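File shown here: my_file12.pdb, holding PDB, C-alpha atoms.
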ATOM      1  CA  GLU A 136     209.950 124.500   7.861
ATOM      2  CA  PHE A 137     209.512 124.596  11.629
ATOM      3  CA  TRP A 138     212.989 123.288  12.439
ATOM      4  CA  THR A 139     214.996 125.016   9.712
ATOM      5  CA  GLY A 140     213.099 128.291   9.320
ATOM      6  CA  GLU A 141     213.053 127.758   5.556
ATOM      7  CA  ASN A 142     210.530 126.481   3.073
ATOM      8  CA  PRO A 143     211.883 123.162   1.713
ATOM      9  CA  ILE A 144     210.463 123.887  -1.746
ATOM     10  CA  ASN A 145     211.758 127.400  -2.452
ATOM     11  CA  GLY A 146     214.452 127.746   0.256
ATOM     12  CA  LYS A 147     212.942 130.982   1.581
ATOM     13  CA  SER A 148     211.850 131.780   5.101
ATOM     14  CA  PRO A 149     208.085 131.287   5.524
ATOM     15  CA  LEU A 150     205.712 134.087   6.432
ATOM     16  CA  VAL A 151     203.907 133.453   9.715
ATOM     17  CA  ASP A 152     200.650 135.197  10.641
ATOM     18  CA  ILE A 153     200.677 137.335  13.782
ATOM     19  CA  PRO A 154     197.593 137.615  16.031
ATOM     20  CA  MET A 155     195.923 141.037  15.831
ATOM     21  CA  GLU A 156     196.156 141.384  19.635
ATOM     22  CA  LYS A 157     199.965 141.486  19.310
ATOM     23  CA  VAL A 158     199.760 144.009  16.471
ATOM     24  CA  LYS A 159     197.545 146.293  18.562
ATOM     25  CA  GLN A 160     200.000 146.035  21.484
ATOM     26  CA  MET A 161     202.604 147.584  19.159
ATOM     27  CA  GLY A 162     200.285 150.552  18.580
ATOM     28  CA  PHE A 163     198.997 149.680  15.103
ATOM     29  CA  ASN A 164     195.339 150.151  14.193
ATOM     30  CA  GLY A 165     193.454 149.452  10.984
ATOM     31  CA  VAL A 166     195.636 146.458  10.134
ATOM     32  CA  ASP A 167     194.094 143.889   7.815
ATOM     33  CA  LYS A 168     196.991 141.400   7.740
ATOM     34  CA  ALA A 169     200.196 140.978   9.751
ATOM     35  CA  GLN A 170     202.973 138.498   9.028
ATOM     36  CA  ILE A 171     206.532 138.013  10.184
ATOM     37  CA  GLN A 172     209.386 136.589   8.125
ATOM     38  CA  ARG A 173     212.489 135.205   9.843
ATOM     39  CA  LEU A 174     215.692 136.315   8.115
ATOM     40  CA  ASN A 175     218.148 134.665  10.526
ATOM     41  CA  ALA A 176     218.401 133.759  14.217
ATOM     42  CA  ASN A 177     218.194 137.413  15.365
ATOM     43  CA  ASN A 178     216.518 139.347  12.547
ATOM     44  CA  ALA A 179     213.073 139.314  10.984
ATOM     45  CA  GLU A 180     210.756 141.528   8.962
ATOM     46  CA  LEU A 181     207.233 142.442  10.052
ATOM     47  CA  HIS A 182     204.932 142.884   7.032
ATOM     48  CA  LEU A 183     201.704 144.811   7.616
ATOM     49  CA  GLU A 184     198.811 145.384   5.229
ATOM     50  CA  PHE A 185     196.380 148.080   6.315
ATOM     51  CA  GLU A 186     192.654 148.306   5.631
ATOM     52  CA  SER A 187     193.402 151.404   3.507
ATOM     53  CA  GLY A 188     195.465 149.260   1.116
ATOM     54  CA  ASP A 189     198.800 150.628   2.342
ATOM     55  CA  LYS A 190     201.631 148.207   3.101
ATOM     56  CA  ALA A 191     204.710 148.629   5.286
ATOM     57  CA  THR A 192     207.682 146.478   6.306
ATOM     58  CA  PHE A 193     209.359 146.882   9.703
ATOM     59  CA  ASP A 194     212.646 145.545  11.031
ATOM     60  CA  VAL A 195     212.552 143.225  14.046
ATOM     61  CA  VAL A 196     215.774 142.555  15.957
ATOM     62  CA  ARG A 197     216.068 139.999  18.742
ATOM     63  CA  LYS A 198     218.597 140.381  21.542
ATOM     64  CA  ASP A 199     218.591 137.775  24.311
ATOM     65  CA  MET A 200     214.954 137.482  25.463
ATOM     66  CA  GLY A 201     213.843 140.840  24.055
ATOM     67  CA  TYR A 202     213.138 142.326  20.661
ATOM     68  CA  THR A 203     212.748 145.735  19.072
ATOM     69  CA  VAL A 204     210.609 146.834  16.142
ATOM     70  CA  SER A 205     211.835 149.743  14.040
ATOM     71  CA  TYR A 206     211.023 151.531  10.793
ATOM     72  CA  ARG A 207     213.785 153.135   8.746
ATOM     73  CA  GLY A 208     216.116 153.044  11.735
ATOM     74  CA  VAL A 209     213.649 154.572  14.208
ATOM     75  CA  GLU A 210     212.898 152.203  17.069
ATOM     76  CA  PHE A 211     209.332 152.469  18.347
ATOM     77  CA  PHE A 212     208.491 149.255  20.191
ATOM     78  CA  LYS A 213     210.294 146.957  22.629
ATOM     79  CA  GLY A 214     208.918 143.571  23.601
ATOM     80  CA  LYS A 215     209.876 140.482  25.560
ATOM     81  CA  ILE A 216     209.945 136.968  24.226
ATOM     82  CA  THR A 217     207.828 134.606  26.279
ATOM     83  CA  GLN A 218     208.140 130.852  26.148
TER      84      GLN A 218
END
Just give me the structure as structure tokens.
Amino acid sequence: EFWTGENPINGKSPLVDIPMEKVKQMGFNGVDKAQIQRLNANNAELHLEFESGDKATFDVVRKDMGYTVSYRGVEFFKGKITQ
């Protein structure tokens, strides 16, 4: 999974947990669970489950060493990829 970005059993991209510190940096509060799913080399989906029971999926787009997080086409967070 690590090298290919896909689960060898079902062929889908695995969901990876995100630390709550990173979620809070994006401005989210009341999050119970945060996971990211790689779609391809430059695109991913951020899946959030809130303490209220609500769920939301956000688009994540990587460009060079930066990334943006958006919801329904509205960009609201920019970050830098650190190695």
| said: I want to know what sits within 8 Å of stretch 176-193 of chain A, based on all atoms listed in the file, with residues of the same chain fewer than 5 positions away left out; could you give that as JSON, numbers by chain? | reply: {"A": [165, 166, 167, 168, 169, 170, 171, 198, 204, 205, 206, 207]}
Which residues would end up in the selection if the PyMOL selection byres ((chain A and resi 161) around 9) were applied here, given that I need the answer as a tab-separated table (two decimals) with C-alpha atoms, keeping the file's coordinate frame?
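Contents of the output file result38.tsv:
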chain	number	residue	atom	x	y	z
A	156	GLU	CA	196.16	141.38	19.64
A	157	LYS	CA	199.96	141.49	19.31
A	158	VAL	CA	199.76	144.01	16.47
A	159	LYS	CA	197.54	146.29	18.56
A	160	GLN	CA	200.00	146.04	21.48
A	162	GLY	CA	200.28	150.55	18.58
A	163	PHE	CA	199.00	149.68	15.10
A	204	VAL	CA	210.61	146.83	16.14
A	211	PHE	CA	209.33	152.47	18.35
A	212	PHE	CA	208.49	149.26	20.19
A	213	LYS	CA	210.29	146.96	22.63
A	214	GLY	CA	208.92	143.57	23.60
| message | As an exercise, work out the distance from atom CA of A:Val209 to atom CA of A:Leu174 in Å and give it to one decimal place. | response |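 Spanning atom CA of A:Val209 to atom CA of A:Leu174 is a straight-line distance of 19.4 Å.
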| message | One number please: atom CA of A:Gly201 to atom CA of A:Thr217, in Å, one decimal. | response | 8.9 Å
| message | I'd like the interatomic distance between atom CA of A:Asn175 and atom CA of A:Thr203, to a tenth of an Å. | response |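 That distance, rounded to one decimal, is 15.0 Å.
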